[in-house]
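S.K.: Below is the file upload-v1.txt, with compact mmCIF, N, CA and C atoms.
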```
# COMPACT_ATOMS: atom_id res chain seq x y z
N MET A 1 13.72 103.03 158.51
CA MET A 1 15.02 102.54 158.12
C MET A 1 15.92 103.71 157.80
N ALA A 2 17.16 103.48 158.00
CA ALA A 2 18.14 104.52 157.72
C ALA A 2 18.41 104.60 156.23
N ASP A 3 18.76 105.79 155.80
CA ASP A 3 19.11 106.00 154.40
C ASP A 3 20.46 105.35 154.14
N LYS A 4 20.56 104.52 153.13
CA LYS A 4 21.78 103.76 152.87
C LYS A 4 22.77 104.48 151.96
N THR A 5 22.42 105.64 151.46
CA THR A 5 23.35 106.37 150.62
C THR A 5 24.25 107.22 151.49
N PRO A 6 25.56 107.22 151.21
CA PRO A 6 26.47 107.99 152.05
C PRO A 6 26.26 109.49 151.82
N ASN A 7 26.48 110.25 152.87
CA ASN A 7 26.35 111.70 152.78
C ASN A 7 27.70 112.28 152.37
N GLN A 8 27.90 112.46 151.07
CA GLN A 8 29.14 113.01 150.56
C GLN A 8 28.82 114.25 149.75
N LYS A 9 29.76 115.14 149.74
CA LYS A 9 29.63 116.30 148.88
C LYS A 9 29.97 115.88 147.46
N PRO A 10 29.28 116.33 146.46
CA PRO A 10 29.57 115.92 145.10
C PRO A 10 30.94 116.36 144.61
N ASP A 11 31.52 117.40 145.20
CA ASP A 11 32.82 117.87 144.75
C ASP A 11 33.96 117.28 145.57
N SER A 12 33.68 116.33 146.41
CA SER A 12 34.69 115.72 147.27
C SER A 12 35.60 114.80 146.46
N PRO A 13 36.92 115.05 146.44
CA PRO A 13 37.84 114.20 145.67
C PRO A 13 38.26 112.95 146.43
N PHE A 14 37.89 112.84 147.70
CA PHE A 14 38.35 111.73 148.53
C PHE A 14 37.63 110.43 148.18
N ALA A 15 38.38 109.37 147.90
CA ALA A 15 37.88 108.02 147.69
C ALA A 15 36.85 107.93 146.56
N SER A 16 37.08 108.63 145.49
CA SER A 16 36.19 108.49 144.35
C SER A 16 36.63 107.29 143.53
N ARG A 17 35.68 106.57 143.00
CA ARG A 17 36.00 105.38 142.21
C ARG A 17 36.43 105.78 140.81
N ILE A 18 37.45 105.07 140.32
CA ILE A 18 37.93 105.31 138.97
C ILE A 18 38.12 103.98 138.27
N ASP A 19 38.12 104.02 136.96
CA ASP A 19 38.40 102.85 136.16
C ASP A 19 39.76 103.06 135.50
N PRO A 20 40.80 102.36 135.95
CA PRO A 20 42.15 102.61 135.43
C PRO A 20 42.29 102.31 133.94
N THR A 21 41.41 101.49 133.39
CA THR A 21 41.53 101.18 131.97
C THR A 21 40.99 102.31 131.10
N LYS A 22 40.06 103.09 131.63
CA LYS A 22 39.43 104.14 130.84
C LYS A 22 40.08 105.51 131.05
N GLU A 23 40.63 105.72 132.23
CA GLU A 23 41.22 107.02 132.52
C GLU A 23 42.73 106.97 132.33
N LYS A 24 43.28 108.07 131.91
CA LYS A 24 44.73 108.18 131.75
C LYS A 24 45.34 108.45 133.11
N LEU A 25 46.13 107.49 133.60
CA LEU A 25 46.79 107.66 134.89
C LEU A 25 48.30 107.65 134.67
N THR A 26 48.98 108.36 135.54
CA THR A 26 50.44 108.38 135.45
C THR A 26 50.99 107.10 136.05
N LYS A 27 52.27 106.86 135.81
CA LYS A 27 52.92 105.67 136.36
C LYS A 27 52.90 105.68 137.88
N GLU A 28 53.06 106.86 138.48
CA GLU A 28 53.04 106.97 139.93
C GLU A 28 51.67 106.62 140.49
N GLN A 29 50.62 107.07 139.81
CA GLN A 29 49.26 106.76 140.27
C GLN A 29 48.98 105.26 140.15
N MET A 30 49.41 104.65 139.05
CA MET A 30 49.23 103.20 138.90
C MET A 30 50.02 102.44 139.95
N HIS A 31 51.23 102.91 140.24
CA HIS A 31 52.05 102.28 141.27
C HIS A 31 51.36 102.37 142.63
N PHE A 32 50.80 103.54 142.94
CA PHE A 32 50.10 103.71 144.20
C PHE A 32 48.88 102.79 144.29
N ILE A 33 48.14 102.66 143.19
CA ILE A 33 46.98 101.77 143.16
C ILE A 33 47.40 100.34 143.43
N ARG A 34 48.48 99.91 142.79
CA ARG A 34 48.98 98.54 143.00
C ARG A 34 49.42 98.33 144.45
N GLN A 35 50.08 99.35 145.03
CA GLN A 35 50.49 99.23 146.43
C GLN A 35 49.29 99.10 147.35
N ALA A 36 48.26 99.91 147.10
CA ALA A 36 47.06 99.86 147.94
C ALA A 36 46.36 98.50 147.81
N GLU A 37 46.28 97.98 146.59
CA GLU A 37 45.67 96.67 146.38
C GLU A 37 46.47 95.58 147.07
N MET A 38 47.80 95.68 147.01
CA MET A 38 48.66 94.68 147.66
C MET A 38 48.49 94.70 149.17
N GLU A 39 48.36 95.87 149.75
CA GLU A 39 48.13 95.97 151.19
C GLU A 39 46.78 95.38 151.57
N GLN A 40 45.78 95.60 150.75
CA GLN A 40 44.46 95.01 151.03
C GLN A 40 44.54 93.49 150.96
N TRP A 41 45.28 92.95 149.97
CA TRP A 41 45.44 91.50 149.86
C TRP A 41 46.18 90.95 151.07
N LYS A 42 47.21 91.64 151.51
CA LYS A 42 47.97 91.18 152.68
C LYS A 42 47.09 91.15 153.92
N LYS A 43 46.17 92.10 154.02
CA LYS A 43 45.27 92.15 155.16
C LYS A 43 44.25 91.01 155.13
N ARG A 44 43.74 90.69 153.94
CA ARG A 44 42.68 89.70 153.80
C ARG A 44 43.19 88.26 153.70
N THR A 45 44.43 88.06 153.30
CA THR A 45 44.94 86.72 153.03
C THR A 45 44.86 85.77 154.23
N PRO A 46 45.29 86.17 155.43
CA PRO A 46 45.19 85.21 156.56
C PRO A 46 43.76 84.76 156.86
N ARG A 47 42.81 85.68 156.78
CA ARG A 47 41.42 85.33 157.04
C ARG A 47 40.90 84.36 155.97
N LEU A 48 41.24 84.63 154.71
CA LEU A 48 40.82 83.74 153.63
C LEU A 48 41.47 82.37 153.76
N ARG A 49 42.74 82.35 154.14
CA ARG A 49 43.44 81.08 154.31
C ARG A 49 42.80 80.26 155.43
N THR A 50 42.42 80.93 156.52
CA THR A 50 41.77 80.22 157.63
C THR A 50 40.44 79.64 157.18
N ARG A 51 39.67 80.42 156.44
CA ARG A 51 38.39 79.91 155.93
C ARG A 51 38.60 78.72 154.99
N ASN A 52 39.60 78.83 154.14
CA ASN A 52 39.87 77.73 153.21
C ASN A 52 40.28 76.47 153.95
N VAL A 53 41.09 76.60 154.99
CA VAL A 53 41.51 75.43 155.76
C VAL A 53 40.32 74.81 156.47
N VAL A 54 39.48 75.62 157.08
CA VAL A 54 38.30 75.10 157.78
C VAL A 54 37.37 74.41 156.80
N THR A 55 37.16 74.99 155.64
CA THR A 55 36.30 74.37 154.63
C THR A 55 36.91 73.06 154.15
N GLY A 56 38.21 73.03 153.91
CA GLY A 56 38.87 71.80 153.47
C GLY A 56 38.77 70.69 154.50
N VAL A 57 38.97 71.04 155.77
CA VAL A 57 38.87 70.05 156.84
C VAL A 57 37.44 69.52 156.95
N ALA A 58 36.46 70.41 156.81
CA ALA A 58 35.05 69.98 156.89
C ALA A 58 34.70 69.05 155.74
N ILE A 59 35.13 69.38 154.54
CA ILE A 59 34.85 68.52 153.38
C ILE A 59 35.57 67.19 153.54
N GLY A 60 36.82 67.22 153.99
CA GLY A 60 37.56 65.98 154.20
C GLY A 60 36.91 65.10 155.25
N ALA A 61 36.43 65.71 156.34
CA ALA A 61 35.76 64.93 157.39
C ALA A 61 34.47 64.31 156.85
N LEU A 62 33.75 65.06 156.04
CA LEU A 62 32.52 64.53 155.43
C LEU A 62 32.84 63.34 154.52
N VAL A 63 33.85 63.47 153.70
CA VAL A 63 34.23 62.39 152.78
C VAL A 63 34.66 61.16 153.57
N LEU A 64 35.51 61.35 154.58
CA LEU A 64 35.95 60.21 155.38
C LEU A 64 34.79 59.57 156.14
N GLY A 65 33.84 60.39 156.59
CA GLY A 65 32.67 59.84 157.27
C GLY A 65 31.82 58.99 156.35
N ILE A 66 31.60 59.47 155.14
CA ILE A 66 30.82 58.69 154.17
C ILE A 66 31.57 57.42 153.81
N TYR A 67 32.87 57.52 153.59
CA TYR A 67 33.70 56.37 153.25
C TYR A 67 33.66 55.32 154.37
N GLY A 68 33.84 55.77 155.61
CA GLY A 68 33.80 54.86 156.74
C GLY A 68 32.44 54.21 156.93
N TYR A 69 31.39 55.00 156.80
CA TYR A 69 30.05 54.46 156.95
C TYR A 69 29.75 53.42 155.87
N THR A 70 30.23 53.69 154.65
CA THR A 70 30.01 52.74 153.57
C THR A 70 30.66 51.40 153.88
N PHE A 71 31.92 51.44 154.33
CA PHE A 71 32.59 50.19 154.68
C PHE A 71 31.91 49.50 155.85
N TYR A 72 31.47 50.27 156.82
CA TYR A 72 30.79 49.68 157.98
C TYR A 72 29.49 49.00 157.56
N SER A 73 28.70 49.69 156.73
CA SER A 73 27.42 49.11 156.33
C SER A 73 27.60 47.91 155.41
N VAL A 74 28.62 47.93 154.55
CA VAL A 74 28.86 46.79 153.68
C VAL A 74 29.35 45.60 154.50
N SER A 75 30.15 45.84 155.52
CA SER A 75 30.62 44.73 156.34
C SER A 75 29.48 44.12 157.15
N GLN A 76 28.46 44.90 157.47
CA GLN A 76 27.31 44.39 158.21
C GLN A 76 26.32 43.67 157.30
N GLU A 77 26.44 43.87 156.02
CA GLU A 77 25.48 43.33 155.08
C GLU A 77 25.73 41.83 154.87
N ARG A 78 24.71 41.05 155.07
CA ARG A 78 24.83 39.59 154.95
C ARG A 78 23.89 39.05 153.88
N ILE A 79 23.40 39.91 153.01
CA ILE A 79 22.41 39.49 152.02
C ILE A 79 22.99 38.44 151.08
N MET A 80 24.18 38.68 150.55
CA MET A 80 24.78 37.74 149.61
C MET A 80 25.06 36.39 150.29
N ASP A 81 25.49 36.44 151.55
CA ASP A 81 25.72 35.19 152.27
C ASP A 81 24.42 34.42 152.45
N GLU A 82 23.34 35.13 152.75
CA GLU A 82 22.05 34.47 152.91
C GLU A 82 21.56 33.88 151.59
N ILE A 83 21.74 34.60 150.49
CA ILE A 83 21.32 34.08 149.19
C ILE A 83 22.14 32.85 148.82
N ASP A 84 23.44 32.90 149.06
CA ASP A 84 24.28 31.74 148.77
C ASP A 84 23.86 30.53 149.62
N GLU A 85 23.52 30.78 150.86
CA GLU A 85 23.08 29.69 151.74
C GLU A 85 21.75 29.10 151.25
N GLU A 86 20.83 29.95 150.79
CA GLU A 86 19.56 29.46 150.26
C GLU A 86 19.78 28.64 148.99
N VAL A 87 20.69 29.07 148.13
CA VAL A 87 20.98 28.33 146.90
C VAL A 87 21.56 26.96 147.25
N ARG A 88 22.50 26.91 148.19
CA ARG A 88 23.08 25.63 148.61
C ARG A 88 22.02 24.71 149.20
N HIS A 89 21.15 25.28 149.99
CA HIS A 89 20.09 24.49 150.61
C HIS A 89 19.12 23.97 149.55
N ALA A 90 18.78 24.82 148.55
CA ALA A 90 17.88 24.41 147.48
C ALA A 90 18.51 23.31 146.63
N ARG A 91 19.80 23.36 146.39
CA ARG A 91 20.46 22.32 145.61
C ARG A 91 20.48 20.98 146.35
N LEU A 92 20.65 21.07 147.64
CA LEU A 92 20.64 19.82 148.41
C LEU A 92 19.25 19.21 148.47
N GLN A 93 18.22 20.05 148.53
CA GLN A 93 16.85 19.57 148.63
C GLN A 93 16.23 19.22 147.30
N GLY A 94 16.78 19.72 146.20
CA GLY A 94 16.20 19.53 144.89
C GLY A 94 16.39 18.10 144.38
N PRO A 95 15.67 17.74 143.28
CA PRO A 95 15.79 16.39 142.72
C PRO A 95 17.19 16.20 142.11
N LYS A 96 17.66 15.00 142.21
CA LYS A 96 18.96 14.66 141.64
C LYS A 96 18.79 14.23 140.19
N THR A 97 19.37 15.02 139.31
CA THR A 97 19.34 14.67 137.90
C THR A 97 20.76 14.77 137.38
N GLY A 98 20.93 14.42 136.12
CA GLY A 98 22.25 14.45 135.51
C GLY A 98 22.77 15.87 135.35
N ALA A 99 21.89 16.86 135.31
CA ALA A 99 22.32 18.25 135.12
C ALA A 99 22.85 18.85 136.41
N ASN A 100 22.52 18.31 137.55
CA ASN A 100 22.95 18.87 138.84
C ASN A 100 24.37 18.51 139.04
```
Output the file's structure as structure tokens, nothing else.

M.R.:
Amino acid sequence: MADKTPNQKPDSPFASRIDPTKEKLTKEQMHFIRQAEMEQWKKRTPRLRTRNVVTGVAIGALVLGIYGYTFYSVSQERIMDEIDEEVRHARLQGPKTGAN
């Protein structure tokens, strides 16, 4: 396997990570950091938006599919009709008393 650590010189000032809250930076440096972050956001935003739209459409399709299937299966269900028919049939066949 290849070595995953980058080959950098320890004294290289290029692209070193800093923590802006801990280090004293000038206003120009903070402004530059904000500009760089904004450019990165502008680059990533369309891709993220596309992913979000695809995910939203997929979730919506799943919800509508479950909703539609539920209505379809309930409309096919005749259990309550069969039970009601059995009750009516049992009442007609049962003994006639004052309570009926």

S.K.: Mind pulling up the distance from atom C of Pro20 of chain A to atom C of Gln35 of chain A?

M.R.: 15.5 Å

S.K.: Do you have the atom CA of Met30 of chain A-atom C of Ile18 of chain A distance handy?

M.R.: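 If I compute the distance from atom CA of Met30 of chain A to atom C of Ile18 of chain A, I get 11.2 Å.
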
S.K.: Could you please determine the separation between atom CA of Phe71 of chain A and atom CA of Asn52 of chain A in Å, to one decimal place?

M.R.: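 Those two atoms sit 28.5 Å apart.
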
S.K.: I need the helix (DSSP H, G or I) residues of segment 17-93 of chain A per DSSP on the backbone, written as an MDAnalysis selection string.

M.R.: chainID A and resid 27:76 79:93
